[in-house]
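**Q** Have a look at this one before I ask anything.
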Amino acid sequence: MHPAFQNSAAAIPITFATKSTWEDLSATLPAAARQFAKANAFTAKPGQYLALPAQDGSLAHVVFGIEDQASEWRDMFRPGQLPGLLPAGTYNFANAPHDARLAVLAFALGTYRFGRYKKNDAPGAKLVPPDGVDMAEITRMADAATLARDLINTPSNDMGPEELEQAARALAERYGASFISIVGDELLAGNFPLIHAVGMASTRAPRLIEFTWGDPKHPKVALVGKGVCFDTGGLDLKPSSGMLIMKKDMGGAANVLALAQMIMDAKLKVRLRVLIPAVENAVAGNAFRPLDIFKSRKGVSVEIGNTDAEGRLVLADALALADEEKPDLLIDLGTLTGAARVALGPDLPPFYTDDEALAADVARHARAENDPLWRMPLWMPYDKWLDSKTADLNNAPGGAFAGSITCALFLKRFVEHAKSWLHVDIYGWTPTAKPARPEGGECQAARAIYKLLSERYG
């Protein structure tokens with residue numbers, strides 16, 4: 001069980017209240033408690049916290065404000081604020097919030113602290129889980145989120161391609177998966193020229209990380225995660241402000257590993273294949289240049305329109321490899337375009353697929369898991385924007401329009417045989433702390449996709 005939880009007979013009750021239910025709830029409190037609430041101007045505003053004392057001064061009861069059930073602004077992770085508010089102790093839910101399962105998950109996610117470099121004690125509040133909640137599933141999701149967050153939050157001096165490989169290898173070994181890594185110039189011998197091109201300027205060798213798990217007779221699910229451990233932008237150098245959080249540019253890989261951990265831990269009936277192209281996009285005399293042309297694994301020649309559009313290049317070779325096996329479902333996750341953030345912000349990653357049933361399932365599970373995703377179109381009229389005068393296609397067409405869509409269309413060129421393909425352009429970062437989502441690296445899309453796979457292959 002996750003360390004946020006504890007089995008105990010004695011626990012301090014937490015009552016959830018809304019502005020519309022508070023009057024009736026307060027009427028059930030002792031007169032002294034009602035007066036105390038009034039003196040503290042408690043109105044059950046969302047996120048408002050009231051600690052009610054016992055006669056001996058100890059904490060007897062907690063009231064916590066959440067949004068009304070009908071509110072369109074309702075945050076299903078609001079209970080994730082509680083670990084940061086409550087004093088050390090053991091608590092339980094006296095009444096049900098809007099969704100008890102998500103409230104319990106939010107509580108666990110809200111206990112996360114990144115303490116690798118600075119002492120940062122975890123909250124001392126523990127929750128006695130309510131009856132009927134699958135705690136194995138909650139723990140599985142919370143542990144996966146911790147994995148993704150820790151990997152993304154680790155600075156690039158300690159999270160380069162080799163260290164990302166070590167994290168993937170440790171996960172593979174934990175679940176008995178077979179593991180290989182193709183490193184440095186071996187990428188050229190193995191026909192991964194785009195991965196090599198992006199990573200060749202760094203003193204930290206690029207690599208393609210791969211592990212496989214599960215019964216080969218089961219449906220084939222391939223996961224591809226962008227593992228750019230730091231992105232300077234290459235010779236099309238980012239400004240300093242644009243580089244500030246580029247340690248998160250391996251967020252696709254981190255979330256693919258989180259998703260893989262959930263799949264393997266739940267023993268889903270799939271043959272899982274994980275591919276992570278891990279590179280550092282550095283600046284040096286041998287860095288790849290604008291207007292260079294490289295032949296991809298698929299045989300398609302790619303002109304470099306911008307060296308800062310490197311994520312789609314490394315994904316292209318990995319997607320081509322995954323596609324050769326004709327998987328039942330091919331999924332890629334990557335922190336790819338600023339255009340996606342301009343369109344939808346940091347909290348709502350766009351996803352792309354031509355499979356209508358898959359799109360409906362992704363949207364449904366994203367809503368149910370409070371793991372927001374929004375479908376965007378693979379608008380084929382824009383595909384011609386990828387045309388190059390000197391190569392088969394250009395990695396970064398000129399102009400400021402539809403950057404996330406053209407990136408998805410670029411990747412689509414490298415997927416031919418998979419029965420279904422899903423591309424998600426995640427941000428992988430929470431810029432401002434919210435309930436259950438502390439500032440920093442974030443697990444995005446992984447929980448929704450995991451529940452989709454659980455429904456199909458559980």
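By convention here, the chains of the structure tokens are called A, B, ... in the order presented, each chain's residues are numbered starting at 1, and ligands are numbered starting at 1 in the order presented.
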From a backbone DSSP assignment, name each residue in region 26-104 of chain A labelled strand (DSSP E or B), as a list in words.
**A**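 Result set for region 26-104 of chain A (strand (DSSP E or B)): Tyr49, Leu50, Ala51, Leu52, Pro53, Leu59, Ala60, His61, Val62, Val63, Phe64, Gly65, Gly89, Thr90, Tyr91, Asn92 and Phe93 of chain A.
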**Q** Can you spit out the residues from that selection as a short mmCIF file (atom, residue, chain, number, x, y, z; two decimals), in the first residue's frame, using C-alpha atoms?
**A**
```
data_model
loop_
_atom_site.label_atom_id
_atom_site.label_comp_id
_atom_site.auth_asym_id
_atom_site.auth_seq_id
_atom_site.Cartn_x
_atom_site.Cartn_y
_atom_site.Cartn_z
CA TYR A 49 -9.94 24.16 5.58
CA LEU A 50 -11.39 24.18 9.08
CA ALA A 51 -9.87 22.28 12.02
CA LEU A 52 -12.40 21.81 14.79
CA PRO A 53 -10.92 21.34 18.27
CA LEU A 59 -8.00 18.04 16.75
CA ALA A 60 -11.44 16.46 16.68
CA HIS A 61 -12.77 17.02 13.18
CA VAL A 62 -11.78 18.57 9.84
CA VAL A 63 -14.15 20.26 7.40
CA PHE A 64 -12.88 20.86 3.88
CA GLY A 65 -14.53 22.86 1.14
CA GLY A 89 -2.13 12.14 12.16
CA THR A 90 -4.50 9.55 10.80
CA TYR A 91 -7.68 10.62 9.02
CA ASN A 92 -10.69 9.17 7.25
CA PHE A 93 -13.50 10.46 5.06
#
```
**Q** If you count only C-alpha atoms, which residues fall within 12 Å of Arg207 (chain A), apart from same-chain ones fewer than 6 positions away, as a VMD selection string?
**A** chain A and resid 160 to 166 180 to 188 190 192 to 200 226 to 229 275 to 280 314 317 to 318
**Q** If DSSP is run on the backbone, what residues of region 278-407 of chain A are helix (DSSP H, G or I)? A reply as JSON, numbers by chain would be ideal.
**A** {"A": [311, 312, 313, 314, 315, 316, 317, 318, 319, 320, 321, 322, 323, 324, 338, 339, 340, 341, 342, 343, 344, 356, 357, 358, 359, 360, 361, 362, 363, 364, 365, 366, 367, 368, 380, 381, 382, 383, 384, 385, 386, 403, 404, 405, 406, 407]}
**Q** Kindly provide the residues of region 72-154 of chain A that approach region 243-255 of chain A to within 12 Å, each paired with its closest atom pair and their distance in Å to one decimal, based on only C-alpha atoms, listed by chain and increasing number, as JSON lines.
**A**
```
{"residue": "A:Met141", "atom": "CA", "partner": "A:Asn255", "partner_atom": "CA", "distance": 11.7}
{"residue": "A:Asp143", "atom": "CA", "partner": "A:Asn255", "partner_atom": "CA", "distance": 12.0}
{"residue": "A:Ala144", "atom": "CA", "partner": "A:Asn255", "partner_atom": "CA", "distance": 8.4}
{"residue": "A:Ala145", "atom": "CA", "partner": "A:Asn255", "partner_atom": "CA", "distance": 8.1}
{"residue": "A:Thr146", "atom": "CA", "partner": "A:Ala254", "partner_atom": "CA", "distance": 10.2}
{"residue": "A:Leu147", "atom": "CA", "partner": "A:Ala254", "partner_atom": "CA", "distance": 7.4}
{"residue": "A:Ala148", "atom": "CA", "partner": "A:Ala254", "partner_atom": "CA", "distance": 4.8}
{"residue": "A:Arg149", "atom": "CA", "partner": "A:Ala254", "partner_atom": "CA", "distance": 7.8}
{"residue": "A:Asp150", "atom": "CA", "partner": "A:Ala254", "partner_atom": "CA", "distance": 8.7}
{"residue": "A:Leu151", "atom": "CA", "partner": "A:Ala254", "partner_atom": "CA", "distance": 6.1}
{"residue": "A:Ile152", "atom": "CA", "partner": "A:Lys248", "partner_atom": "CA", "distance": 5.1}
{"residue": "A:Asn153", "atom": "CA", "partner": "A:Lys248", "partner_atom": "CA", "distance": 7.1}
{"residue": "A:Thr154", "atom": "CA", "partner": "A:Lys247", "partner_atom": "CA", "distance": 7.5}
```
**Q** How many Å lie between CA of Gln35 (chain A) and CA of Leu85 (chain A), rounded to one decimal?
**A**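 Result for CA of Gln35 (chain A) versus CA of Leu85 (chain A): 21.8 Å, one decimal.
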**Q** So that I can see what lies close to Ala433 (chain A), please list as a PyMOL selection string the residues with an atom at most 12 Å from it, counting only C-alpha atoms and leaving out residues fewer than 4 positions away in the same chain.
**A** chain A and resi 78+80-81+84+110+112+346-347+429+437-442
**Q** Please dump the current selection as a compact mmCIF listing (two decimals), in the first residue's frame; keep all heavy atoms.
**A**
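Okay, out.txt is ready:
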```txt
# COMPACT_ATOMS: atom_id res chain seq x y z
N ARG A 78 -9.40 18.16 -5.89
CA ARG A 78 -9.36 19.11 -4.79
C ARG A 78 -8.87 18.48 -3.48
O ARG A 78 -8.09 19.09 -2.74
CB ARG A 78 -10.75 19.72 -4.60
CG ARG A 78 -10.86 20.71 -3.45
CD ARG A 78 -10.05 21.96 -3.67
NE ARG A 78 -10.55 22.74 -4.79
CZ ARG A 78 -9.96 23.82 -5.27
NH1 ARG A 78 -8.83 24.25 -4.70
NH2 ARG A 78 -10.47 24.48 -6.30
N GLY A 80 -6.59 16.60 -3.01
CA GLY A 80 -5.14 16.52 -3.03
C GLY A 80 -4.46 17.66 -2.29
O GLY A 80 -3.25 17.60 -2.04
N GLN A 81 -5.21 18.70 -1.92
CA GLN A 81 -4.66 19.76 -1.07
C GLN A 81 -4.46 19.31 0.37
O GLN A 81 -3.63 19.87 1.09
CB GLN A 81 -5.60 20.98 -1.06
CG GLN A 81 -5.53 21.85 -2.30
CD GLN A 81 -6.43 23.07 -2.15
OE1 GLN A 81 -7.51 23.10 -2.73
NE2 GLN A 81 -6.01 24.06 -1.39
N GLY A 84 -1.06 18.68 2.37
CA GLY A 84 -0.28 19.87 2.67
C GLY A 84 -0.89 20.76 3.73
O GLY A 84 -0.25 21.70 4.21
N GLY A 110 -1.03 14.09 -3.79
CA GLY A 110 -0.71 15.31 -3.07
C GLY A 110 0.38 15.16 -2.04
O GLY A 110 0.88 16.16 -1.51
N TYR A 112 3.28 13.83 -2.76
CA TYR A 112 4.56 13.78 -3.46
C TYR A 112 5.45 14.96 -3.11
O TYR A 112 5.00 16.11 -3.11
CB TYR A 112 4.34 13.74 -4.98
CG TYR A 112 5.65 13.80 -5.76
CD1 TYR A 112 6.41 12.66 -5.95
CD2 TYR A 112 6.12 15.02 -6.24
CE1 TYR A 112 7.62 12.72 -6.64
CE2 TYR A 112 7.33 15.09 -6.93
CZ TYR A 112 8.07 13.93 -7.13
OH TYR A 112 9.27 13.99 -7.81
N PRO A 346 -0.94 24.20 -20.53
CA PRO A 346 -0.10 23.12 -20.00
C PRO A 346 -0.86 21.91 -19.47
O PRO A 346 -0.29 20.84 -19.35
CB PRO A 346 0.67 23.81 -18.87
CG PRO A 346 -0.25 24.90 -18.41
CD PRO A 346 -0.95 25.38 -19.65
N ASP A 347 -2.16 22.09 -19.16
CA ASP A 347 -2.91 21.03 -18.47
C ASP A 347 -3.67 20.09 -19.41
O ASP A 347 -4.17 19.06 -18.95
CB ASP A 347 -3.95 21.65 -17.52
CG ASP A 347 -3.33 22.55 -16.48
OD1 ASP A 347 -2.11 22.44 -16.26
OD2 ASP A 347 -4.06 23.36 -15.89
N TRP A 429 4.72 18.88 -17.35
CA TRP A 429 5.18 19.83 -16.34
C TRP A 429 3.98 20.60 -15.80
O TRP A 429 3.09 20.96 -16.56
CB TRP A 429 6.18 20.79 -16.97
CG TRP A 429 6.91 21.69 -16.02
CD1 TRP A 429 6.58 22.97 -15.69
CD2 TRP A 429 8.11 21.38 -15.29
NE1 TRP A 429 7.50 23.48 -14.80
CE2 TRP A 429 8.44 22.53 -14.54
CE3 TRP A 429 8.91 20.24 -15.20
CZ2 TRP A 429 9.57 22.57 -13.71
CZ3 TRP A 429 10.03 20.28 -14.38
CH2 TRP A 429 10.35 21.43 -13.64
N ARG A 437 -1.16 18.20 -7.74
CA ARG A 437 -0.22 18.41 -8.84
C ARG A 437 0.78 19.49 -8.43
O ARG A 437 0.59 20.67 -8.73
CB ARG A 437 -0.97 18.82 -10.11
CG ARG A 437 -1.83 17.70 -10.70
CD ARG A 437 -3.08 18.21 -11.37
NE ARG A 437 -4.01 18.77 -10.40
CZ ARG A 437 -5.26 19.13 -10.68
NH1 ARG A 437 -5.74 18.98 -11.89
NH2 ARG A 437 -6.04 19.65 -9.74
N PRO A 438 1.84 19.11 -7.69
CA PRO A 438 2.83 20.10 -7.28
C PRO A 438 3.58 20.65 -8.49
O PRO A 438 3.63 20.02 -9.55
CB PRO A 438 3.77 19.30 -6.38
CG PRO A 438 3.60 17.88 -6.81
CD PRO A 438 2.19 17.75 -7.25
N GLU A 439 4.13 21.84 -8.32
CA GLU A 439 4.92 22.43 -9.40
C GLU A 439 6.07 21.50 -9.77
O GLU A 439 6.75 20.95 -8.91
CB GLU A 439 5.47 23.78 -8.95
CG GLU A 439 6.30 24.50 -10.01
CD GLU A 439 6.83 25.83 -9.55
OE1 GLU A 439 6.32 26.37 -8.53
OE2 GLU A 439 7.76 26.35 -10.18
N GLY A 440 6.28 21.31 -11.07
CA GLY A 440 7.38 20.47 -11.53
C GLY A 440 6.89 19.38 -12.46
O GLY A 440 5.82 19.48 -13.08
N GLY A 441 7.70 18.33 -12.59
CA GLY A 441 7.40 17.25 -13.51
C GLY A 441 6.05 16.62 -13.22
O GLY A 441 5.64 16.48 -12.07
N GLU A 442 5.35 16.25 -14.31
CA GLU A 442 4.00 15.71 -14.14
C GLU A 442 3.78 14.47 -14.99
O GLU A 442 4.34 14.32 -16.07
CB GLU A 442 2.95 16.78 -14.50
CG GLU A 442 1.52 16.40 -14.12
CD GLU A 442 1.39 15.96 -12.66
OE1 GLU A 442 1.60 14.75 -12.40
OE2 GLU A 442 1.11 16.80 -11.81
```
**Q** Considering only C-alpha atoms, can you say which of A:Arg273, A:Arg375, A:Arg364, A:Lys126 comes closest to Ala10 (chain A)?
**A**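 Distance minimum relative to Ala10 (chain A) lands on A:Lys126.
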**Q** So what do you get for CA of Pro83 (chain A) versus CA of Ile14 (chain A), distance-wise?
**A**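 It comes out at 12.0 Å.
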**Q** Quick one: everything within 7 Å of region 397-401 of chain A, counting only C-alpha atoms, minus sequence neighbours fewer than 6 positions away in the same chain. Send it as a list of chain:residue names.
**A**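 These residues fall inside the cut-off: A:Gly305, A:Trp385, A:Leu386.
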**Q** Hey, can you spit out that residue selection with N, CA, C and O atoms as a short mmCIF file (atom, residue, chain, number, x, y, z; two decimals), in the first residue's frame?
**A**
```
data_model
loop_
_atom_site.label_atom_id
_atom_site.label_comp_id
_atom_site.auth_asym_id
_atom_site.auth_seq_id
_atom_site.Cartn_x
_atom_site.Cartn_y
_atom_site.Cartn_z
N GLY A 305 14.60 21.59 -41.32
CA GLY A 305 14.15 22.96 -41.39
C GLY A 305 14.49 23.73 -40.14
O GLY A 305 14.68 24.94 -40.17
N TRP A 385 2.39 20.92 -46.36
CA TRP A 385 3.32 21.88 -45.77
C TRP A 385 4.66 21.23 -45.42
O TRP A 385 5.66 21.94 -45.23
N LEU A 386 4.66 19.91 -45.31
CA LEU A 386 5.89 19.18 -44.99
C LEU A 386 6.78 18.96 -46.21
O LEU A 386 7.89 18.45 -46.07
#
```
**Q** Neighbours of region 354-361 of chain A within 9 Å (only C-alpha atoms; same-chain residues fewer than 5 positions away dropped), as a list in words?
**A**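 Answer for this query is Ala366, Arg375, Pro377, Leu378, Lys419, Ser420, Trp421, Leu422 and Leu452 of chain A.
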**Q** Quick one: of A:Ala106, A:Leu313, A:Ala44, A:Ala100, who's nearest to Asp131 (chain A), counting only C-alpha atoms?
**A** A:Ala100
**Q** Just want the 12 Å neighbourhood of Glu23 (chain A), counted on only C-alpha atoms, with same-chain residues fewer than 4 positions away dropped. Output as a list in words.
**A**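 The residues that qualify are Ala17, Thr18, Lys19, Ala27, Thr28, Leu29, Arg34, Ala37, Lys38, Phe42, Thr43 and Ala44 of chain A.
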**Q** Generate the output file for the selected residues, all heavy atoms, as a PDB file, in the first residue's frame.
**A**
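This went into again_4.pdb:
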```
ATOM      1  N   ALA A  17     -17.548  19.584   2.390  1.00  0.00           N
ATOM      2  CA  ALA A  17     -18.712  20.472   2.336  1.00  0.00           C
ATOM      3  C   ALA A  17     -18.610  21.370   1.118  1.00  0.00           C
ATOM      4  O   ALA A  17     -17.513  21.672   0.633  1.00  0.00           O
ATOM      5  CB  ALA A  17     -18.785  21.324   3.603  1.00  0.00           C
ATOM      6  N   THR A  18     -19.742  21.761   0.614  1.00  0.00           N
ATOM      7  CA  THR A  18     -19.805  22.755  -0.454  1.00  0.00           C
ATOM      8  C   THR A  18     -20.554  23.972   0.075  1.00  0.00           C
ATOM      9  O   THR A  18     -21.190  23.917   1.138  1.00  0.00           O
ATOM     10  CB  THR A  18     -20.521  22.210  -1.699  1.00  0.00           C
ATOM     11  OG1 THR A  18     -21.918  22.071  -1.404  1.00  0.00           O
ATOM     12  CG2 THR A  18     -19.958  20.856  -2.124  1.00  0.00           C
ATOM     13  N   LYS A  19     -20.502  25.047  -0.660  1.00  0.00           N
ATOM     14  CA  LYS A  19     -21.223  26.246  -0.214  1.00  0.00           C
ATOM     15  C   LYS A  19     -22.715  25.971  -0.042  1.00  0.00           C
ATOM     16  O   LYS A  19     -23.367  26.529   0.844  1.00  0.00           O
ATOM     17  CB  LYS A  19     -20.995  27.374  -1.212  1.00  0.00           C
ATOM     18  CG  LYS A  19     -19.598  27.976  -1.136  1.00  0.00           C
ATOM     19  CD  LYS A  19     -19.470  29.173  -2.072  1.00  0.00           C
ATOM     20  CE  LYS A  19     -18.107  29.825  -1.930  1.00  0.00           C
ATOM     21  NZ  LYS A  19     -17.955  31.009  -2.805  1.00  0.00           N
ATOM     22  N   ALA A  27     -25.415  22.611  10.847  1.00  0.00           N
ATOM     23  CA  ALA A  27     -26.496  22.438  11.819  1.00  0.00           C
ATOM     24  C   ALA A  27     -26.346  21.152  12.618  1.00  0.00           C
ATOM     25  O   ALA A  27     -26.923  21.017  13.704  1.00  0.00           O
ATOM     26  CB  ALA A  27     -27.845  22.466  11.107  1.00  0.00           C
ATOM     27  N   THR A  28     -25.589  20.207  12.100  1.00  0.00           N
ATOM     28  CA  THR A  28     -25.386  18.935  12.795  1.00  0.00           C
ATOM     29  C   THR A  28     -24.226  19.001  13.780  1.00  0.00           C
ATOM     30  O   THR A  28     -24.018  18.057  14.545  1.00  0.00           O
ATOM     31  CB  THR A  28     -25.117  17.806  11.789  1.00  0.00           C
ATOM     32  OG1 THR A  28     -23.851  18.034  11.140  1.00  0.00           O
ATOM     33  CG2 THR A  28     -26.212  17.724  10.745  1.00  0.00           C
ATOM     34  N   LEU A  29     -23.458  20.094  13.750  1.00  0.00           N
ATOM     35  CA  LEU A  29     -22.312  20.227  14.643  1.00  0.00           C
ATOM     36  C   LEU A  29     -22.755  20.717  16.013  1.00  0.00           C
ATOM     37  O   LEU A  29     -23.781  21.388  16.153  1.00  0.00           O
ATOM     38  CB  LEU A  29     -21.298  21.220  14.052  1.00  0.00           C
ATOM     39  CG  LEU A  29     -20.656  20.859  12.715  1.00  0.00           C
ATOM     40  CD1 LEU A  29     -19.784  22.021  12.230  1.00  0.00           C
ATOM     41  CD2 LEU A  29     -19.818  19.593  12.843  1.00  0.00           C
ATOM     42  N   ARG A  34     -20.070  25.119  15.824  1.00  0.00           N
ATOM     43  CA  ARG A  34     -20.693  26.059  14.883  1.00  0.00           C
ATOM     44  C   ARG A  34     -20.185  27.474  15.128  1.00  0.00           C
ATOM     45  O   ARG A  34     -19.908  28.222  14.197  1.00  0.00           O
ATOM     46  CB  ARG A  34     -22.226  26.013  15.025  1.00  0.00           C
ATOM     47  CG  ARG A  34     -22.858  24.760  14.489  1.00  0.00           C
ATOM     48  CD  ARG A  34     -24.347  24.947  14.215  1.00  0.00           C
ATOM     49  NE  ARG A  34     -25.090  25.387  15.390  1.00  0.00           N
ATOM     50  CZ  ARG A  34     -25.587  24.582  16.320  1.00  0.00           C
ATOM     51  NH1 ARG A  34     -25.414  23.266  16.205  1.00  0.00           N
ATOM     52  NH2 ARG A  34     -26.277  25.073  17.352  1.00  0.00           N
ATOM     53  N   ALA A  37     -16.643  27.783  13.759  1.00  0.00           N
ATOM     54  CA  ALA A  37     -16.647  27.926  12.307  1.00  0.00           C
ATOM     55  C   ALA A  37     -17.032  29.337  11.891  1.00  0.00           C
ATOM     56  O   ALA A  37     -16.428  29.931  10.992  1.00  0.00           O
ATOM     57  CB  ALA A  37     -17.592  26.909  11.680  1.00  0.00           C
ATOM     58  N   LYS A  38     -18.033  29.887  12.584  1.00  0.00           N
ATOM     59  CA  LYS A  38     -18.472  31.243  12.264  1.00  0.00           C
ATOM     60  C   LYS A  38     -17.380  32.255  12.584  1.00  0.00           C
ATOM     61  O   LYS A  38     -17.115  33.192  11.806  1.00  0.00           O
ATOM     62  CB  LYS A  38     -19.751  31.566  13.045  1.00  0.00           C
ATOM     63  CG  LYS A  38     -20.340  32.931  12.721  1.00  0.00           C
ATOM     64  CD  LYS A  38     -21.642  33.152  13.482  1.00  0.00           C
ATOM     65  CE  LYS A  38     -22.231  34.526  13.147  1.00  0.00           C
ATOM     66  NZ  LYS A  38     -23.503  34.758  13.900  1.00  0.00           N
ATOM     67  N   PHE A  42     -15.691  30.507   8.147  1.00  0.00           N
ATOM     68  CA  PHE A  42     -15.683  29.343   7.259  1.00  0.00           C
ATOM     69  C   PHE A  42     -16.986  29.282   6.470  1.00  0.00           C
ATOM     70  O   PHE A  42     -18.073  29.289   7.044  1.00  0.00           O
ATOM     71  CB  PHE A  42     -15.517  28.056   8.069  1.00  0.00           C
ATOM     72  CG  PHE A  42     -15.387  26.834   7.209  1.00  0.00           C
ATOM     73  CD1 PHE A  42     -14.180  26.503   6.606  1.00  0.00           C
ATOM     74  CD2 PHE A  42     -16.491  26.018   6.966  1.00  0.00           C
ATOM     75  CE1 PHE A  42     -14.050  25.380   5.803  1.00  0.00           C
ATOM     76  CE2 PHE A  42     -16.373  24.894   6.150  1.00  0.00           C
ATOM     77  CZ  PHE A  42     -15.158  24.577   5.569  1.00  0.00           C
ATOM     78  N   THR A  43     -16.875  29.235   5.149  1.00  0.00           N
ATOM     79  CA  THR A  43     -18.053  29.199   4.271  1.00  0.00           C
ATOM     80  C   THR A  43     -18.019  28.025   3.303  1.00  0.00           C
ATOM     81  O   THR A  43     -18.832  27.947   2.396  1.00  0.00           O
ATOM     82  CB  THR A  43     -18.153  30.508   3.468  1.00  0.00           C
ATOM     83  OG1 THR A  43     -16.963  30.660   2.675  1.00  0.00           O
ATOM     84  CG2 THR A  43     -18.334  31.705   4.373  1.00  0.00           C
ATOM     85  N   ALA A  44     -17.049  27.108   3.482  1.00  0.00           N
ATOM     86  CA  ALA A  44     -16.881  25.946   2.598  1.00  0.00           C
ATOM     87  C   ALA A  44     -16.492  26.358   1.185  1.00  0.00           C
ATOM     88  O   ALA A  44     -16.838  25.678   0.214  1.00  0.00           O
ATOM     89  CB  ALA A  44     -18.127  25.064   2.593  1.00  0.00           C
TER      90      ALA A  44
END
```
**Q** Counting only C-alpha atoms, what is within 6 Å of Met376 (chain A), bar same-chain residues fewer than 4 positions away, as a list in words?
**A**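 Once the adjacent positions are removed, what remains is Pro350, Phe351 and Tyr352 of chain A.
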**Q** When you count only C-alpha atoms, which of these residues is closest to Ile449 (chain A): A:Asp371, A:Glu416, A:Asp328, A:Asp215?
**A** A:Asp371
**Q** Between CA of Glu310 (chain A) and CA of Ser240 (chain A), what is the distance in Å, rounded to a tenth?
**A**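 Value for the CA of Glu310 (chain A)-CA of Ser240 (chain A) distance: 17.8 Å.
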**Q** Between A:Ala309, A:Ala205, A:Met262, A:Ala125, which is the closest to Pro87 (chain A) once you count only C-alpha atoms?
**A**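 Closest to Pro87 (chain A) of all the choices is A:Ala125.
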